[in-house]
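Asker: The structure's right below; bear with me while I get my questions together.
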Amino acid sequence: MKKTQFFLIVFFNFFLISQTINSTEIDIYKKIDLFGEVLEKINREYVDETNQSDGMDAAINGLLQSLDPYSSYMTPEIFQEMQTETSGEFGGLGIEVSMEAGVVKVISPIDDTPASKVGIKAGDYIVKINNTQVQGKSLSEAVDLMRGPVGSSIELTVRRRGVKKALTFNITREIIEVQSVKSDLLDNNIGYIRLTSFNDNSSEQIKKKIEKLKKNENLNAFILDLRNNPGGLLSQAIKISDFFLENGEIVSTKSRKKSENRKWFARKGDITDGKTLLVLINYGSASASEIVAGALKDHKRAIILGESSYGKGSVQSIIPLKNKGAIRLTVAKYYLPSGKSISEVGVRPDIEVDEEGDDFRIKTETDNQLNYAIKLLNG
């Protein structure tokens with residue numbers, strides 16, 4: 001009798017689960033039919049003739065962007081252009097952007113590019129491109145509007161936190177040459193390393209710069225400048241963090257599949273020989289930059305100075321498609337050694353120093369954050 005009851009209970013539960021799955025599948029097929037009906041109505045009755053292929057691309061992109069601001073669809077043309085850009089030289093304005101609340105948001109301008117030279121800042125919202133309103137357009141559509149021949153000009157209208165009136169910038173497109181690592185010796189005793197992105201060879205470049213700076217006998221401290229660094233390769237963030245740590249966890253990722261959850265740990269060997277380290281961050285420091293700054297902060301290996309970072313605590317994969325396009329899809333979230341996620345929160349500096357004035361430019365006389373850091377290290 002008990003066996004019969006057990007069988008009936010198991011069968012009933014299985015029946016309920018099957019019904020739920022079947023119901024979900026039916027709902028999905030109904031939605032697909034509805035989408036086809038809407039597409040047909042648009043094709044027949046919309047006031048202007050439409051390109052159905054573009055409409056499908058927009059629908060795919062809309063689906064991905066409904067997940068989060070960082071997932072998106074790349075047509076074969078855009079995917080090809082992205083591959084060209086990652087090779088280190090491309091034409092454009094020099095800004096890393098995302099979509100937020102229907103407008104394009106600047107994650108960060110790249111150093112020594114047209115956008116940074118005219119004064120575009122991290123956190124600016126691009127509301128108009130030339131005479132076209134951005135509201136209602138997808139990120140890929142907005143990016144297409146900003147593209148153009150090298151030497152041509154473009155007008156961007158932006159909204160900035162704390163500024164009542166919209167700002168207008170006229171920018172001339174240039175060939176963008178991305179040099180991810182720069183270094184200098186400051187006051188003859190501080191090794192300054194500026195990292196603008198996490199590319200394939202960033203860790204090797206930093207290692208060489210540190211070895212070269214260490215040849216100076218007066219060297220007693222390092223500044224790692226991650227301001228306006230929008231991130232890049234996770235593997236590079238791990239290697240660069242490891243340069244300054246002797247042991248301990250660097251970062252962990254948590255995915256939908258538990259089998260894909262991972263943790264990375266530092267190996268013994270601080271290549272700076274334990275010298276004082278100060279890390280500069282700002283609102284334009286995102287993703288991989290936040291991994292490095294957060295790991296070094298959690299292990300109390302570095303003083304973090306500047307402004308709170310962007311708060312992009314997710315990992316995206318570029319997944320190629322059959323049509324030679326691709327999707328950028330969030331596949332995991334990363335967590336700092338403390339166990340905290342930085343999504344939408346960012347890394348808070350130990351010493352908060354805000355940028356001063358519209359004339360602020362990184363590593364110039366107007367760079368009050370760097371000047372503060374140098375004074376701090378020299379006591």
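Starting from 1 in every chain, residues are counted up; chains themselves are A, B, ... following the order of the structure tokens, and ligands are numbered from 1 as listed.
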Determine, counting only C-alpha atoms, which protein, DNA and RNA residues have an atom within 8 Å of an atom of range 50-59 of chain A; residues of the same chain fewer than 6 positions away are not included. Present the result as a PyMOL selection string.
Answerer: chain A and resi 39+42-43+73+75+138
Asker: Emit the selected residues as a tab-separated table (two decimals), in the first residue's frame, including N, CA, C and O atoms.
Answerer:
chain	number	residue	atom	x	y	z
A	39	LEU	N	5.24	41.65	-36.90
A	39	LEU	CA	6.14	41.92	-38.01
A	39	LEU	C	5.35	42.07	-39.32
A	39	LEU	O	5.61	42.97	-40.14
A	42	ILE	N	3.44	45.41	-39.35
A	42	ILE	CA	4.36	46.52	-39.63
A	42	ILE	C	4.66	46.57	-41.13
A	42	ILE	O	4.62	47.64	-41.76
A	43	ASN	N	4.95	45.40	-41.69
A	43	ASN	CA	5.32	45.32	-43.10
A	43	ASN	C	4.19	45.80	-44.02
A	43	ASN	O	4.41	46.43	-45.05
A	73	TYR	N	23.82	42.78	-29.32
A	73	TYR	CA	23.99	42.05	-30.58
A	73	TYR	C	24.91	42.84	-31.50
A	73	TYR	O	24.82	44.07	-31.59
A	75	THR	N	26.02	42.97	-35.46
A	75	THR	CA	25.86	42.50	-36.83
A	75	THR	C	27.23	42.07	-37.36
A	75	THR	O	28.26	42.43	-36.77
A	138	SER	N	18.94	52.14	-30.06
A	138	SER	CA	19.75	51.11	-29.41
A	138	SER	C	21.20	51.59	-29.33
A	138	SER	O	21.60	52.55	-30.01
Asker: Excluding Asp200 in chain A and any residue of its chain fewer than 3 positions from it, enumerate the residues within 8 Å of it, using only C-alpha atoms, and give them as a list in words.
Answerer: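 Using only C-alpha atoms, the neighbours found are Ser203, Leu233 and Gln236 of chain A.
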Asker: Going by DSSP on the backbone, which residues of range 114-221 of chain A come out as helix (DSSP H, G or I)? List them as a list in words.
Answerer: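 Helix (DSSP H, G or I) members of range 114-221 of chain A, listed: Pro114, Ala115, Ser116, Lys117, Val118, Leu139, Ser140, Glu141, Ala142, Val143, Asp144, Leu145, Met146, Ser202, Ser203, Glu204, Gln205, Ile206, Lys207, Lys208, Lys209, Ile210, Glu211, Lys212 and Leu213 of chain A.
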Asker: Restricted to C-alpha atoms, what would the selected residues look like written as a PDB file, in the first residue's frame?
Answerer:
ATOM      1  CA  PRO A 114      39.732  63.360 -29.526  1.00  0.00           C
ATOM      2  CA  ALA A 115      37.070  62.771 -26.840  1.00  0.00           C
ATOM      3  CA  SER A 116      39.476  63.178 -23.896  1.00  0.00           C
ATOM      4  CA  LYS A 117      41.134  66.240 -25.456  1.00  0.00           C
ATOM      5  CA  VAL A 118      37.869  68.188 -25.770  1.00  0.00           C
ATOM      6  CA  LEU A 139      23.402  51.273 -28.382  1.00  0.00           C
ATOM      7  CA  SER A 140      24.560  49.870 -31.735  1.00  0.00           C
ATOM      8  CA  GLU A 141      22.478  52.500 -33.599  1.00  0.00           C
ATOM      9  CA  ALA A 142      24.005  55.276 -31.500  1.00  0.00           C
ATOM     10  CA  VAL A 143      27.517  53.917 -32.059  1.00  0.00           C
ATOM     11  CA  ASP A 144      26.848  53.798 -35.820  1.00  0.00           C
ATOM     12  CA  LEU A 145      25.889  57.485 -35.707  1.00  0.00           C
ATOM     13  CA  MET A 146      29.201  58.319 -34.024  1.00  0.00           C
ATOM     14  CA  SER A 202      49.257  44.635 -20.822  1.00  0.00           C
ATOM     15  CA  SER A 203      50.751  42.468 -18.056  1.00  0.00           C
ATOM     16  CA  GLU A 204      53.998  41.949 -19.976  1.00  0.00           C
ATOM     17  CA  GLN A 205      54.242  45.682 -20.663  1.00  0.00           C
ATOM     18  CA  ILE A 206      53.714  46.522 -16.976  1.00  0.00           C
ATOM     19  CA  LYS A 207      56.297  43.947 -15.900  1.00  0.00           C
ATOM     20  CA  LYS A 208      58.896  45.500 -18.214  1.00  0.00           C
ATOM     21  CA  LYS A 209      58.063  49.030 -17.024  1.00  0.00           C
ATOM     22  CA  ILE A 210      58.428  48.000 -13.357  1.00  0.00           C
ATOM     23  CA  GLU A 211      61.769  46.298 -13.994  1.00  0.00           C
ATOM     24  CA  LYS A 212      63.016  49.420 -15.759  1.00  0.00           C
ATOM     25  CA  LEU A 213      61.826  51.749 -12.958  1.00  0.00           C
TER      26      LEU A 213
END
Asker: Hey, can you check how far CA of Leu377 in chain A sits from CA of Ile190 in chain A?
Answerer: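 Distance between the two atoms: 8.2 Å.
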Asker: May I have the residues within 6 Å of Lys254 in chain A as a PyMOL selection string, using only C-alpha atoms and disregarding those fewer than 2 positions away in the same chain?
Answerer: chain A and resi 261+332-333
Asker: My list of candidates is A:Lys121, A:Arg262, A:Ile175, A:Gly92. Which is closest to Ile154 in chain A when distances are computed with only C-alpha atoms?
Answerer: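 Ranked by minimum distance to Ile154 in chain A, first place goes to A:Gly92.
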Asker: Please identify every residue of range 160-258 of chain A that has at least one atom no farther than 6 Å from an atom of range 288-310 of chain A, counting only C-alpha atoms, and for each give the shortest atom pair and the distance in Å to one decimal, arranged by chain then increasing number, as CSV.
Answerer:
residue,atom,partner,partner_atom,distance
A:Gly231,CA,A:Ala288,CA,4.4
A:Gly232,CA,A:Ala288,CA,6.0
A:Leu234,CA,A:Ala288,CA,6.0
A:Ala237,CA,A:Ala288,CA,5.4
A:Ser241,CA,A:Val292,CA,5.3
A:Ile250,CA,A:Ala295,CA,5.4
Asker: Give me a file of those residues, with C-alpha atoms, as a compact mmCIF listing (two decimals), in the first residue's frame.
Answerer:
# COMPACT_ATOMS: atom_id res chain seq x y z
CA GLY A 231 38.59 47.25 -18.29
CA GLY A 232 39.25 44.45 -20.74
CA LEU A 234 39.91 39.18 -16.94
CA ALA A 237 43.50 41.72 -14.37
CA SER A 241 47.02 41.90 -9.41
CA ILE A 250 42.37 37.75 -6.21
Asker: Using DSSP on the backbone coordinates, identify the residues of range 118-149 of chain A assigned to strand (DSSP E or B); present them as a ChimeraX atom specification.
Answerer: /A:125-129,132-133
Asker: Nearest to Tyr70 in chain A: which of A:Gly357, A:Pro149, A:Gly313, A:Gly274 is it, counting only C-alpha atoms?
Answerer: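 Among A:Gly357, A:Pro149, A:Gly313, A:Gly274, it is A:Gly313 that comes nearest to Tyr70 in chain A.
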Asker: List the neighbours of range 107-113 of chain A out to 10 Å using only C-alpha atoms; skip same-chain residues closer than 6 positions along the sequence, and give me the result as a PyMOL selection string.
Answerer: chain A and resi 92-99+119-125+171-180+194-197+227-231+282-286+310+312+361-362
Asker: Between A:Leu224, A:Ile32, A:Val251, A:Ile129, which residue has the minimum interatomic distance to Ser338 in chain A, considering only C-alpha atoms?
Answerer: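 Of all the options, A:Val251 lies closest to Ser338 in chain A.
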Asker: Quick check, in Å to one decimal: how far apart do CA of Arg267 in chain A and CA of Leu185 in chain A lie?
Answerer: 27.5 Å
Asker: Pick out the closest residue to Lys182 in chain A from this set: A:Ile281, A:Ile223, A:Val106, A:Ala373. Count only C-alpha atoms.
Answerer: A:Ile223
Asker: Between A:Asp27, A:Val103, A:Thr253, A:Arg328, which residue has the minimum interatomic distance to Asn61 in chain A, considering only C-alpha atoms?
Answerer: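 Distance minimum relative to Asn61 in chain A lands on A:Arg328.
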